[in-house]
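Engineer: File follows, my_file37.cif with mmCIF, C-alpha atoms:
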```cif
data_input
loop_
_atom_site.label_atom_id
_atom_site.label_comp_id
_atom_site.auth_asym_id
_atom_site.auth_seq_id
_atom_site.Cartn_x
_atom_site.Cartn_y
_atom_site.Cartn_z
CA MET A 619 119.00 108.76 124.34
CA VAL A 620 122.29 107.01 123.83
CA ALA A 621 125.21 108.95 122.44
CA GLY A 622 127.59 107.38 119.98
CA ASN A 623 130.02 108.90 117.47
CA GLY A 624 128.33 112.25 117.79
CA LEU A 625 124.88 110.83 117.07
CA PHE A 626 121.96 109.90 119.26
CA TYR A 627 120.80 106.41 118.35
CA PRO A 628 117.18 105.88 119.20
CA ILE A 629 115.16 102.77 119.66
CA PHE A 630 113.43 103.44 116.37
CA GLY A 631 109.93 102.81 115.49
CA PHE A 632 111.53 101.28 112.40
CA ALA A 633 111.90 98.13 114.40
CA SER A 634 108.15 97.98 114.52
CA ILE A 635 107.81 97.62 110.75
CA VAL A 636 110.38 94.84 110.60
CA VAL A 637 108.98 92.64 113.29
CA PHE A 638 105.56 92.64 111.62
CA ILE A 639 107.13 90.76 108.78
CA TYR A 640 108.14 87.91 111.01
CA MET A 641 104.64 86.87 111.99
CA SER A 642 102.05 85.01 109.95
CA PHE A 643 98.52 85.95 108.84
CA GLY A 644 95.90 83.18 109.43
CA ASP A 645 97.83 80.55 111.36
CA VAL A 646 99.63 83.13 113.43
CA ARG A 647 102.92 82.03 114.88
CA PHE A 648 105.81 84.01 116.26
CA GLY A 649 109.19 82.34 116.24
CA PHE A 650 112.00 83.61 114.13
CA GLU A 651 113.75 80.27 114.18
CA GLU A 652 110.76 78.67 112.44
CA GLU A 653 110.55 81.12 109.56
CA PRO A 654 111.90 80.21 106.12
CA GLU A 655 115.20 81.88 105.38
CA LEU A 656 114.65 84.92 103.19
CA SER A 657 116.89 86.07 100.39
CA PHE A 658 117.64 89.62 99.34
CA VAL A 659 116.13 90.86 96.11
CA GLY A 660 119.01 91.47 93.72
CA ARG A 661 119.57 92.51 90.14
CA ASN A 662 120.79 90.63 87.10
CA GLY A 663 121.07 93.06 84.21
CA THR A 664 117.66 94.49 83.45
CA GLN A 665 115.75 92.26 85.87
CA PHE A 666 115.20 92.00 89.59
CA VAL A 667 115.99 88.52 90.83
CA LEU A 668 115.02 86.53 93.91
CA ASP A 669 116.36 83.04 94.63
CA GLY A 670 117.70 82.83 91.10
CA LYS A 671 114.41 83.72 89.41
CA ALA A 672 113.12 86.92 87.87
CA PHE A 673 111.14 89.00 90.37
CA TYR A 674 108.37 91.20 88.97
CA ILE A 675 106.56 93.76 91.08
CA ASN A 676 102.90 94.52 91.50
CA GLY A 677 102.75 96.84 94.46
CA TRP A 678 101.52 100.04 96.01
CA ASN A 679 102.35 103.20 97.93
CA SER A 680 101.16 103.79 101.50
CA TYR A 681 103.46 106.58 102.61
CA TRP A 682 101.61 106.78 105.93
CA LEU A 683 102.54 103.42 107.47
CA MET A 684 105.07 104.80 109.93
CA VAL A 685 102.90 107.70 111.08
CA GLN A 686 99.90 105.46 111.63
CA SER A 687 101.92 102.96 113.67
CA VAL A 688 102.48 105.39 116.52
CA ASP A 689 99.16 105.37 118.34
CA ASP A 690 97.07 102.44 119.55
CA TYR A 691 93.93 103.70 117.86
CA THR A 692 95.52 104.06 114.40
CA ARG A 693 97.77 101.00 114.44
CA PRO A 694 95.04 98.60 113.21
CA ARG A 695 95.02 100.55 109.94
CA VAL A 696 98.54 99.35 109.23
CA ARG A 697 97.61 95.72 109.87
CA GLU A 698 94.51 96.03 107.70
CA MET A 699 96.46 97.54 104.80
CA LEU A 700 99.22 94.94 104.91
CA LYS A 701 96.78 92.05 105.16
CA ALA A 702 94.89 93.42 102.17
CA GLY A 703 98.12 93.78 100.20
CA ALA A 704 98.95 90.14 100.85
CA LYS A 705 95.44 89.03 99.84
CA MET A 706 95.88 90.89 96.55
CA GLY A 707 99.20 89.19 95.90
CA LEU A 708 101.13 92.47 96.09
CA THR A 709 104.85 92.12 96.66
CA VAL A 710 106.32 95.57 97.41
CA CYS A 711 105.06 98.55 99.40
CA ARG A 712 106.79 101.91 99.11
CA THR A 713 106.64 104.08 102.23
CA TRP A 714 108.41 106.94 103.97
CA ALA A 715 111.35 106.20 106.27
CA PHE A 716 111.55 109.81 107.41
CA ASN A 717 109.73 112.43 109.43
CA ASP A 718 112.06 115.35 109.97
CA GLY A 719 111.19 118.01 112.53
CA ASP A 720 107.46 117.60 111.93
CA TYR A 721 104.71 116.47 114.31
CA ASN A 722 105.75 113.21 115.99
CA ALA A 723 109.15 113.69 114.36
CA LEU A 724 111.49 110.77 113.94
CA GLN A 725 114.46 113.13 113.74
CA THR A 726 113.85 116.16 115.94
CA SER A 727 117.06 117.97 114.98
CA PRO A 728 120.19 116.91 113.08
CA GLY A 729 121.37 113.58 114.50
CA VAL A 730 118.93 113.70 117.42
CA PHE A 731 116.14 111.14 117.72
CA ASN A 732 113.55 110.40 120.38
CA GLU A 733 113.99 107.13 122.22
CA GLN A 734 111.20 105.41 124.12
CA THR A 735 110.92 102.08 125.85
CA PHE A 736 108.65 99.70 124.01
CA LYS A 737 107.47 96.14 124.05
CA VAL A 738 106.07 93.99 121.27
CA SER A 739 103.32 91.54 122.09
CA LYS A 740 103.78 88.19 120.33
CA SER A 741 100.09 87.84 119.70
CA ARG A 742 97.69 87.49 116.83
CA THR A 743 97.00 91.20 116.84
CA CYS A 744 100.62 92.40 116.65
CA VAL A 745 99.85 94.85 119.42
CA ILE A 746 102.77 96.87 120.71
CA SER A 747 102.46 98.18 124.25
CA LEU A 748 103.79 101.71 124.22
CA PRO A 749 104.27 104.21 127.01
CA PRO A 750 102.02 107.27 127.15
CA TYR A 751 102.80 109.98 124.60
CA SER A 752 104.96 107.55 122.67
CA ILE A 753 106.29 109.00 119.46
CA LEU A 754 107.05 107.87 115.98
CA ASN A 755 110.21 106.02 116.83
CA GLN A 756 108.27 102.88 117.77
CA ALA A 757 106.48 102.76 114.46
CA ILE A 758 108.85 100.91 112.21
CA THR A 759 109.13 97.92 114.51
CA HIS A 760 105.35 97.62 114.45
CA ILE A 761 105.10 97.83 110.68
CA PHE A 762 107.87 95.34 110.09
CA THR A 763 106.19 92.99 112.56
CA CYS A 764 102.85 93.12 110.80
CA LEU A 765 104.43 92.92 107.38
CA GLY A 766 105.36 89.43 108.47
CA LEU A 767 101.72 88.47 108.72
CA ARG A 768 101.25 85.99 105.91
CA TYR A 769 98.59 83.66 104.59
CA SER A 770 101.07 80.84 104.15
CA ARG A 771 104.56 80.02 105.20
CA SER A 772 105.81 80.20 101.63
CA LYS A 773 108.50 82.78 100.97
CA ALA A 774 106.55 83.76 97.87
CA THR A 775 103.98 85.69 99.90
CA TRP A 776 106.26 88.09 101.77
CA ILE A 777 105.71 91.78 101.22
CA ARG A 778 108.90 93.82 101.02
CA LEU A 779 109.45 97.53 101.63
CA LEU A 780 110.95 100.18 99.41
CA LEU A 781 111.99 102.85 101.91
CA SER A 782 112.43 106.49 100.93
CA LEU A 783 114.98 108.40 103.02
CA VAL A 784 114.00 112.06 102.53
CA ASN A 785 111.44 114.19 100.72
CA ASN A 786 112.12 116.81 98.08
CA LEU A 787 108.71 118.23 99.00
CA HIS A 788 107.72 119.99 102.24
CA ALA A 789 105.65 117.16 103.68
CA TYR A 790 107.22 115.52 106.74
CA GLY A 791 110.08 118.01 106.80
CA GLY A 792 111.95 117.17 103.64
CA LYS A 793 114.95 119.05 102.32
CA THR A 794 113.36 122.30 103.57
CA GLN A 795 113.73 121.14 107.18
CA TYR A 796 117.41 120.28 106.71
CA VAL A 797 118.05 123.74 105.29
CA LYS A 798 116.21 125.35 108.23
CA TRP A 799 118.33 123.39 110.69
CA ALA A 800 121.56 124.52 109.07
CA TRP A 801 120.33 128.11 108.90
CA GLN A 802 119.24 128.09 112.54
CA GLU A 803 122.61 126.72 113.65
CA GLY A 804 124.45 129.40 111.70
CA VAL A 805 126.26 127.00 109.38
CA GLY A 806 124.01 127.14 106.34
CA LEU A 807 125.41 128.54 103.10
CA SER A 808 122.03 129.62 101.79
CA SER A 809 118.36 129.71 102.73
CA SER A 810 117.51 128.19 99.36
CA ASN A 811 115.90 124.76 99.65
CA ASP A 812 118.27 123.54 96.96
CA SER A 813 121.24 124.11 99.28
CA PHE A 814 120.24 120.70 100.64
CA PHE A 815 122.14 119.27 97.68
CA TYR A 816 125.36 121.30 97.91
CA ASP A 817 125.82 122.60 101.46
CA PRO A 818 128.54 120.47 103.17
CA SER A 819 126.89 120.78 106.59
CA ILE A 820 123.54 119.59 105.26
CA ARG A 821 125.17 116.73 103.40
CA SER A 822 126.74 115.72 106.69
CA TYR A 823 123.34 115.91 108.44
CA PHE A 824 121.82 113.63 105.84
CA LYS A 825 124.68 111.15 105.92
CA ASN A 826 124.36 110.90 109.69
CA TYR A 827 120.67 110.17 109.31
CA VAL A 828 121.25 107.53 106.64
CA LYS A 829 123.94 105.81 108.69
CA THR A 830 121.68 105.74 111.73
CA ILE A 831 118.86 104.11 109.80
CA LEU A 832 120.97 101.55 107.97
CA THR A 833 122.98 100.43 110.99
CA ARG A 834 120.15 100.42 113.52
CA LYS A 835 119.63 96.98 115.05
CA ASN A 836 116.03 95.89 115.37
CA THR A 837 115.64 95.18 119.05
CA ILE A 838 113.13 92.40 118.38
CA THR A 839 114.75 90.49 115.53
CA GLY A 840 118.33 91.44 116.40
CA ILE A 841 118.94 92.28 112.75
CA GLU A 842 120.39 95.55 111.51
CA TYR A 843 118.30 97.06 108.74
CA ARG A 844 121.17 96.82 106.29
CA HIS A 845 121.09 93.05 106.85
CA ASP A 846 117.32 92.56 106.69
CA PRO A 847 115.95 91.08 103.43
CA ILE A 848 112.43 92.32 104.17
CA ILE A 849 113.68 95.67 102.90
CA PHE A 850 113.51 95.62 99.10
CA GLY A 851 115.70 98.66 98.68
CA TRP A 852 116.51 102.26 99.58
CA GLU A 853 115.26 105.31 97.72
CA LEU A 854 117.57 108.29 98.22
CA ILE A 855 114.93 111.02 97.88
CA ASN A 856 111.34 111.33 96.74
CA GLU A 857 111.07 113.26 93.45
CA PRO A 858 114.34 115.25 93.54
CA ARG A 859 114.45 118.60 91.78
CA CYS A 860 117.15 121.26 91.88
CA ILE A 861 115.73 124.10 89.84
CA THR A 862 118.52 126.51 90.78
CA ASP A 863 120.88 124.42 88.65
CA PRO A 864 119.00 123.32 85.52
CA SER A 865 122.24 121.91 84.09
CA GLY A 866 121.79 118.99 86.48
CA ASP A 867 125.37 119.06 87.76
CA THR A 868 124.45 119.79 91.39
CA LEU A 869 121.92 116.98 91.70
CA GLN A 870 124.20 114.59 89.81
CA ASP A 871 127.01 115.23 92.26
CA TRP A 872 124.68 114.68 95.23
CA ILE A 873 123.35 111.39 93.84
CA GLU A 874 126.86 110.13 93.16
CA GLU A 875 127.99 110.95 96.69
CA MET A 876 124.94 109.64 98.53
CA SER A 877 124.54 106.44 96.52
CA ALA A 878 128.22 105.64 97.15
CA PHE A 879 127.74 106.39 100.84
CA VAL A 880 124.74 104.06 101.14
CA LYS A 881 126.64 101.29 99.32
CA SER A 882 129.66 101.74 101.59
CA ILE A 883 127.42 100.82 104.54
CA ASP A 884 124.93 98.44 102.94
CA LYS A 885 126.00 96.14 100.14
CA ASN A 886 122.93 93.92 100.47
CA HIS A 887 120.15 96.17 99.28
CA LEU A 888 119.27 97.77 95.99
CA VAL A 889 119.43 101.57 95.67
CA THR A 890 117.42 103.89 93.47
CA VAL A 891 117.22 107.68 93.20
CA GLY A 892 113.47 108.36 93.40
CA LEU A 893 113.24 110.24 90.09
CA GLU A 894 110.09 111.29 88.31
CA GLY A 895 111.72 110.24 85.03
CA PHE A 896 112.12 113.55 83.18
CA TYR A 897 114.76 113.71 80.47
CA GLY A 898 117.42 116.39 80.99
CA PRO A 899 118.43 119.48 79.00
CA ASN A 900 120.86 117.67 76.71
CA ASP A 901 118.79 114.58 76.02
CA PRO A 902 116.98 114.50 72.65
CA LYS A 903 114.06 112.74 74.34
CA ARG A 904 113.26 115.94 76.21
CA LEU A 905 111.53 116.98 72.99
CA THR A 906 109.81 113.70 72.16
CA ALA A 907 108.98 111.96 75.46
CA ASN A 908 108.82 114.61 78.20
CA PRO A 909 105.53 116.37 79.00
CA PRO A 910 104.77 119.26 76.63
CA GLU A 911 106.85 122.43 76.81
CA GLU A 912 110.39 122.71 78.16
CA TRP A 913 109.81 122.97 81.92
CA ALA A 914 110.39 119.28 82.63
CA SER A 915 113.95 119.39 81.30
CA ARG A 916 114.85 122.41 83.47
CA LEU A 917 114.27 120.90 86.91
CA GLY A 918 117.87 119.87 87.52
CA SER A 919 117.11 116.16 87.18
CA ASP A 920 118.09 113.98 84.21
CA PHE A 921 116.70 110.46 83.93
CA ILE A 922 119.48 108.90 81.87
CA ARG A 923 122.42 110.71 83.45
CA ASN A 924 121.20 110.21 87.03
CA SER A 925 120.31 106.56 86.48
CA LYS A 926 123.63 105.66 84.84
CA ILE A 927 125.51 106.14 88.13
CA SER A 928 127.16 102.83 89.00
CA ASN A 929 125.76 102.68 92.55
CA ILE A 930 122.19 103.13 91.31
CA ASP A 931 120.79 99.65 90.81
CA PHE A 932 117.44 100.43 89.22
CA THR A 933 115.59 103.39 87.81
CA SER A 934 112.46 105.02 89.16
CA VAL A 935 109.75 106.68 87.06
CA HIS A 936 106.47 108.37 88.04
CA ILE A 937 103.34 108.72 85.91
CA TYR A 938 101.06 111.75 86.46
CA PRO A 939 99.93 113.05 83.05
CA ASP A 940 97.05 115.13 84.43
CA HIS A 941 99.43 117.02 86.75
CA TRP A 942 102.14 117.51 84.14
CA PHE A 943 99.97 119.03 81.46
CA HIS A 944 96.47 120.38 81.84
CA LYS A 945 93.34 121.00 79.83
CA GLN A 946 93.72 117.83 77.82
CA ASP A 947 91.18 115.08 77.43
CA PHE A 948 91.63 111.62 78.86
CA GLU A 949 92.66 110.01 75.59
CA VAL A 950 95.57 112.44 75.28
CA TYR A 951 96.68 111.41 78.77
CA MET A 952 96.50 107.76 77.81
CA LYS A 953 98.59 108.21 74.69
CA PHE A 954 101.19 109.99 76.78
CA VAL A 955 101.23 107.22 79.39
CA SER A 956 101.96 104.51 76.83
CA LYS A 957 104.64 106.55 75.09
CA TRP A 958 106.23 107.58 78.42
CA MET A 959 106.43 104.03 79.72
CA LEU A 960 107.69 102.44 76.53
CA SER A 961 110.35 105.14 76.19
CA HIS A 962 111.74 104.37 79.65
CA ILE A 963 111.57 100.61 79.16
CA GLU A 964 113.52 101.09 75.93
CA ASP A 965 116.12 103.06 77.89
CA GLY A 966 116.33 100.36 80.52
CA ASP A 967 116.87 97.71 77.86
CA ASN A 968 119.28 99.48 75.56
CA VAL A 969 120.98 102.35 77.38
CA LEU A 970 120.99 101.78 81.12
CA LYS A 971 120.83 97.97 81.23
CA LYS A 972 118.91 98.26 84.49
CA PRO A 973 115.37 97.48 85.70
CA VAL A 974 112.76 100.22 85.41
CA LEU A 975 110.29 100.53 88.28
CA PHE A 976 107.28 102.78 87.79
CA SER A 977 107.22 103.67 91.47
CA GLU A 978 104.23 106.03 91.44
CA TYR A 979 101.25 106.30 89.12
CA GLY A 980 97.75 107.68 89.41
CA LEU A 981 94.94 109.74 87.93
CA SER A 982 93.60 112.69 89.90
CA ASP A 983 89.91 112.79 90.77
CA THR A 984 90.00 116.58 90.39
CA ILE A 985 90.34 116.60 86.61
CA LYS A 986 87.41 117.66 84.47
CA ASN A 987 84.94 114.86 83.77
CA PHE A 988 86.80 112.45 86.06
CA SER A 989 85.36 108.96 86.30
CA MET A 990 86.50 105.84 88.13
CA SER A 991 86.20 103.91 84.89
CA ASP A 992 88.85 106.19 83.37
CA ARG A 993 91.11 105.66 86.36
CA GLU A 994 90.67 101.91 86.02
CA LYS A 995 91.46 102.13 82.32
CA MET A 996 94.68 103.92 83.15
CA TYR A 997 95.55 101.30 85.77
CA ARG A 998 94.97 98.52 83.25
CA THR A 999 97.10 100.23 80.61
CA ILE A 1000 100.03 100.64 82.99
CA LEU A 1001 99.77 97.10 84.34
CA ASP A 1002 99.38 95.64 80.84
CA ILE A 1003 102.58 97.35 79.71
CA THR A 1004 104.54 96.07 82.70
CA TYR A 1005 103.11 92.57 82.22
CA LYS A 1006 104.06 92.48 78.54
CA SER A 1007 107.54 93.73 79.45
CA ALA A 1008 107.90 90.99 82.05
CA LYS A 1009 106.67 88.32 79.67
CA LYS A 1010 109.34 89.34 77.15
CA ASN A 1011 112.07 89.55 79.84
CA ARG A 1012 112.43 93.27 79.23
CA SER A 1013 113.40 95.94 81.77
CA GLY A 1014 109.90 97.07 82.80
CA ALA A 1015 110.06 95.42 86.21
CA GLY A 1016 106.81 96.50 87.80
CA ALA A 1017 104.66 99.34 89.10
CA LEU A 1018 103.49 100.80 92.41
CA VAL A 1019 100.13 102.57 92.43
CA TRP A 1020 99.68 105.83 94.36
CA GLN A 1021 98.08 105.35 96.82
CA PHE A 1022 96.13 102.81 98.89
CA LEU A 1023 94.47 103.52 102.21
CA VAL A 1024 91.96 101.87 104.52
CA GLY A 1025 88.62 103.18 105.72
CA GLY A 1026 88.50 106.11 108.14
CA MET A 1027 91.59 107.88 106.77
CA ASP A 1028 89.99 110.95 105.21
CA GLU A 1029 92.82 113.17 106.44
CA PHE A 1030 95.32 111.16 104.36
CA ILE A 1031 93.29 110.88 101.16
CA ASP A 1032 94.63 113.04 98.36
CA ASP A 1033 93.16 113.26 94.86
CA PHE A 1034 94.70 109.89 93.97
CA GLY A 1035 94.07 107.88 97.15
CA MET A 1036 91.55 105.10 97.42
CA VAL A 1037 90.49 102.10 99.47
CA PRO A 1038 90.93 99.33 96.87
CA TRP A 1039 88.36 96.90 98.24
CA ASP A 1040 85.64 99.55 98.22
CA ARG A 1041 85.32 98.97 94.48
CA SER A 1042 85.41 95.34 93.35
CA SER A 1043 86.54 96.19 89.83
CA VAL A 1044 89.64 97.95 91.17
CA TYR A 1045 90.38 95.12 93.56
CA SER A 1046 90.11 92.63 90.68
CA ILE A 1047 92.53 94.60 88.49
CA PHE A 1048 95.35 94.19 90.99
CA ILE A 1049 94.63 90.55 91.79
CA GLU A 1050 94.60 89.79 88.07
CA GLN A 1051 98.00 91.45 87.66
CA SER A 1052 99.42 89.53 90.61
CA CYS A 1053 98.19 86.27 89.10
CA ARG A 1054 99.64 87.05 85.68
CA LEU A 1055 103.04 87.90 87.11
CA ALA A 1056 102.98 84.87 89.42
CA LYS A 1057 102.37 82.57 86.47
CA ILE A 1058 105.36 84.04 84.65
CA LYS A 1059 107.48 83.27 87.69
CA GLY A 1060 105.97 79.81 88.05
CA LEU A 1061 104.75 80.50 91.58
CA ALA A 1062 100.99 80.12 91.20
CA GLN A 1063 101.10 76.36 91.41
CA GLN A 1064 103.48 76.35 94.37
CA ASP A 1065 101.62 78.72 96.66
CA ILE A 1066 98.23 77.23 97.44
CA SER A 1067 97.05 80.25 99.40
CA PHE A 1068 97.50 82.53 96.42
CA LYS A 1069 96.29 80.03 93.83
CA GLN A 1070 92.72 80.39 95.08
CA PHE A 1071 92.67 83.99 93.81
CA CYS A 1072 93.90 83.05 90.34
#
```
Would you kindly transcribe this structure into structure tokens?
Structural biologist:
Amino acid sequence: MVAGNGLFYPIFGFASIVVFIYMSFGDVRFGFEEEPELSFVGRNGTQFVLDGKAFYINGWNSYWLMVQSVDDYTRPRVREMLKAGAKMGLTVCRTWAFNDGDYNALQTSPGVFNEQTFKVSKSRTCVISLPPYSILNQAITHIFTCLGLRYSRSKATWIRLLLSLVNNLHAYGGKTQYVKWAWQEGVGLSSSNDSFFYDPSIRSYFKNYVKTILTRKNTITGIEYRHDPIIFGWELINEPRCITDPSGDTLQDWIEEMSAFVKSIDKNHLVTVGLEGFYGPNDPKRLTANPPEEWASRLGSDFIRNSKISNIDFTSVHIYPDHWFHKQDFEVYMKFVSKWMLSHIEDGDNVLKKPVLFSEYGLSDTIKNFSMSDREKMYRTILDITYKSAKKNRSGAGALVWQFLVGGMDEFIDDFGMVPWDRSSVYSIFIEQSCRLAKIKGLAQQDISFKQFC
């Protein structure tokens, strides 16, 4: 470990995700000087832009990329998933950039990270030679390396990462772990999980973590993450809720402070909150667009208010009708999905003037009378709405399905997860969406490798 400004800066596994991106799929070559210069994805009003053109997203969630990059025997899963994403024409993958105090922790205690010596092999297999008992800190370099595996040398085929910085939920530590650390060190104001948002010591912990991630230099590419265009953007927190303050003031203050902090370090990348999209207690849409009953407006989050913050570049919305209200039939869910999406696109167009990314969506296989055909119908509905929004230059900028895996990952499969190529009809849905969006952007004719799928 190397001390600096009170922090321990590790040789992160983050480097492993980045370097993946700088290698090519088929005709594998490794040479950063030969790669086409990449641009950062930016924003122009209600649209994402790349190289002066609108950039629409058809993507997916694989939260597990970093965890699965640690060990030799699981690392091929990451390569397989990223290759499949490229074959499907997907452009953005959302994944976790955290593992706090958990097994194979990235951050073992506040500001303390494990550092291991590592070496990346410049080979077709993207193999990284790691020392015995190597931990998660090598993972990101591996993932970024294999994200660079491409089927052509066109910039159009690069997959970019949306990286989430902390979890509101318990998995992989989350805000609960930060509160435990403060409590154990005798500086915590409260044992409530929501003290993550207002305790000065915990805010300091989180800022230290964010600064470490953003300013870390990839030891393979020599690029700090804040300067790397392979990163699409930063998500402050996955699904924030602060139920101890239903007014929303506590969470609003936290978002304002943390988004400004990220922007003070990194002016290149887009920033989003990570919201589920619920309308707050003073918004009339809490009665017309939120899930039934009042609970969704009492979680301390507020879609419009939170997303209006100047340092928030785009909005995030999730779609889980079967989890938000129960004992309804599938057609009721579908009506809600359409209304929910169109409401948020309307807000992006007319109120927020920002892109709207539906960053998680899915249909649980535990609901009564579940069928894959219903799940596919839901997928098509969501992708059709985003396509029509894109075609009309509206704010609906894309969607990320939850979640894709590869074979042999039973321990990671939840009631939404699936291996997309196991069912040809599912695989076709996402390729079709990629082709439709590519044609809007005028890329299908330019990129021969992708044209064959369209």
Engineer: Please write as a list in words the full residue list that the PyMOL selection byres ((chain A and resi 995) around 12) yields on this file.
Structural biologist: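 When the PyMOL selection byres ((chain A and resi 995) around 12) is applied, the selected residues are Phe948, Glu949, Tyr951, Met952, Val955, Gly980, Leu981, Phe988, Ser989, Met990, Ser991, Asp992, Arg993, Glu994, Met996, Tyr997, Arg998, Thr999, Ile1000, Leu1001, Asp1002, Ser1043, Val1044 and Ile1047 of chain A.
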Engineer: Atoms to include: C-alpha atoms. Write the selected residues as a JSON list (two decimals), in the coordinates of the input.
Structural biologist:
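So the final result, stored in part.json, reads:
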```json
[["chain", "number", "residue", "atom", "x", "y", "z"],
["A", 948, "PHE", "CA", 91.63, 111.62, 78.86],
["A", 949, "GLU", "CA", 92.66, 110.01, 75.59],
["A", 951, "TYR", "CA", 96.68, 111.41, 78.77],
["A", 952, "MET", "CA", 96.50, 107.76, 77.81],
["A", 955, "VAL", "CA", 101.23, 107.22, 79.39],
["A", 980, "GLY", "CA", 97.75, 107.68, 89.41],
["A", 981, "LEU", "CA", 94.94, 109.74, 87.93],
["A", 988, "PHE", "CA", 86.80, 112.45, 86.06],
["A", 989, "SER", "CA", 85.36, 108.96, 86.30],
["A", 990, "MET", "CA", 86.50, 105.84, 88.13],
["A", 991, "SER", "CA", 86.20, 103.91, 84.89],
["A", 992, "ASP", "CA", 88.85, 106.19, 83.37],
["A", 993, "ARG", "CA", 91.11, 105.66, 86.36],
["A", 994, "GLU", "CA", 90.67, 101.91, 86.02],
["A", 996, "MET", "CA", 94.68, 103.92, 83.15],
["A", 997, "TYR", "CA", 95.55, 101.30, 85.77],
["A", 998, "ARG", "CA", 94.97, 98.52, 83.25],
["A", 999, "THR", "CA", 97.10, 100.23, 80.61],
["A", 1000, "ILE", "CA", 100.03, 100.64, 82.99],
["A", 1001, "LEU", "CA", 99.77, 97.10, 84.34],
["A", 1002, "ASP", "CA", 99.38, 95.64, 80.84],
["A", 1043, "SER", "CA", 86.54, 96.19, 89.83],
["A", 1044, "VAL", "CA", 89.64, 97.95, 91.17],
["A", 1047, "ILE", "CA", 92.53, 94.60, 88.49]]
```
Engineer: Please write as a VMD selection string the full residue list that the PyMOL selection byres ((chain A and resi 1004) around 12) yields on this file.
Structural biologist: chain A and resid 674 to 677 956 959 to 960 962 to 963 973 to 977 997 to 1003 1005 to 1018 1051 to 1052 1054 to 1055
Engineer: Return the single residue from A:Tyr843, A:Tyr979, A:Trp913, A:Phe1034 that is closest to Tyr938 in chain A, with distances computed using all atoms listed in the file.
Structural biologist: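 Distance minimum relative to Tyr938 in chain A lands on A:Tyr979.
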Engineer: What separation in Å, quoted to one decimal, exists between CA of Thr692 in chain A and CA of Asn722 in chain A?
Structural biologist: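 Separation of CA of Thr692 in chain A and CA of Asn722 in chain A: 13.8 Å.
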Engineer: What does the distance from CA of Cys1053 in chain A to CA of Phe1022 in chain A come to in Å, to one decimal?
Structural biologist: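 If I compute the distance from CA of Cys1053 in chain A to CA of Phe1022 in chain A, I get 19.3 Å.
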Engineer: Expand the PyMOL selection byres ((chain A and resi 926-931) around 12) into the individual residues it matches in the shown file, reporting them as a ChimeraX atom specification.
Structural biologist: /A:659-666,850-854,869-882,884-893,920-925,932-934,965-966,968-975
Engineer: Restrict the selected residues to C-alpha atoms and save them as a tab-separated table (two decimals), in the frame of the given file.
Structural biologist:
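In the end it all went to again28.tsv:
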```tsv
chain	number	residue	atom	x	y	z
A	659	VAL	CA	116.13	90.86	96.11
A	660	GLY	CA	119.01	91.47	93.72
A	661	ARG	CA	119.57	92.51	90.14
A	662	ASN	CA	120.79	90.63	87.10
A	663	GLY	CA	121.07	93.06	84.21
A	664	THR	CA	117.66	94.49	83.45
A	665	GLN	CA	115.75	92.26	85.87
A	666	PHE	CA	115.20	92.00	89.59
A	850	PHE	CA	113.51	95.62	99.10
A	851	GLY	CA	115.70	98.66	98.68
A	852	TRP	CA	116.51	102.26	99.58
A	853	GLU	CA	115.26	105.31	97.72
A	854	LEU	CA	117.57	108.29	98.22
A	869	LEU	CA	121.92	116.98	91.70
A	870	GLN	CA	124.20	114.59	89.81
A	871	ASP	CA	127.01	115.23	92.26
A	872	TRP	CA	124.68	114.68	95.23
A	873	ILE	CA	123.35	111.39	93.84
A	874	GLU	CA	126.86	110.13	93.16
A	875	GLU	CA	127.99	110.95	96.69
A	876	MET	CA	124.94	109.64	98.53
A	877	SER	CA	124.54	106.44	96.52
A	878	ALA	CA	128.22	105.64	97.15
A	879	PHE	CA	127.74	106.39	100.84
A	880	VAL	CA	124.74	104.06	101.14
A	881	LYS	CA	126.64	101.29	99.32
A	882	SER	CA	129.66	101.74	101.59
A	884	ASP	CA	124.93	98.44	102.94
A	885	LYS	CA	126.00	96.14	100.14
A	886	ASN	CA	122.93	93.92	100.47
A	887	HIS	CA	120.15	96.17	99.28
A	888	LEU	CA	119.27	97.77	95.99
A	889	VAL	CA	119.43	101.57	95.67
A	890	THR	CA	117.42	103.89	93.47
A	891	VAL	CA	117.22	107.68	93.20
A	892	GLY	CA	113.47	108.36	93.40
A	893	LEU	CA	113.24	110.24	90.09
A	920	ASP	CA	118.09	113.98	84.21
A	921	PHE	CA	116.70	110.46	83.93
A	922	ILE	CA	119.48	108.90	81.87
A	923	ARG	CA	122.42	110.71	83.45
A	924	ASN	CA	121.20	110.21	87.03
A	925	SER	CA	120.31	106.56	86.48
A	932	PHE	CA	117.44	100.43	89.22
A	933	THR	CA	115.59	103.39	87.81
A	934	SER	CA	112.46	105.02	89.16
A	965	ASP	CA	116.12	103.06	77.89
A	966	GLY	CA	116.33	100.36	80.52
A	968	ASN	CA	119.28	99.48	75.56
A	969	VAL	CA	120.98	102.35	77.38
A	970	LEU	CA	120.99	101.78	81.12
A	971	LYS	CA	120.83	97.97	81.23
A	972	LYS	CA	118.91	98.26	84.49
A	973	PRO	CA	115.37	97.48	85.70
A	974	VAL	CA	112.76	100.22	85.41
A	975	LEU	CA	110.29	100.53	88.28
```
Engineer: Do you have the CA of Val1024 in chain A-CA of Asn679 in chain A distance handy?
Structural biologist: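 We find that CA of Val1024 in chain A and CA of Asn679 in chain A lie 12.4 Å from each other.
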Engineer: When you count all atoms listed in the file, which of these residues is closest to Phe673 in chain A: A:Gly1035, A:Gly866, A:Lys1057, A:Ile937?
Structural biologist: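 Nearest to Phe673 in chain A: A:Lys1057.
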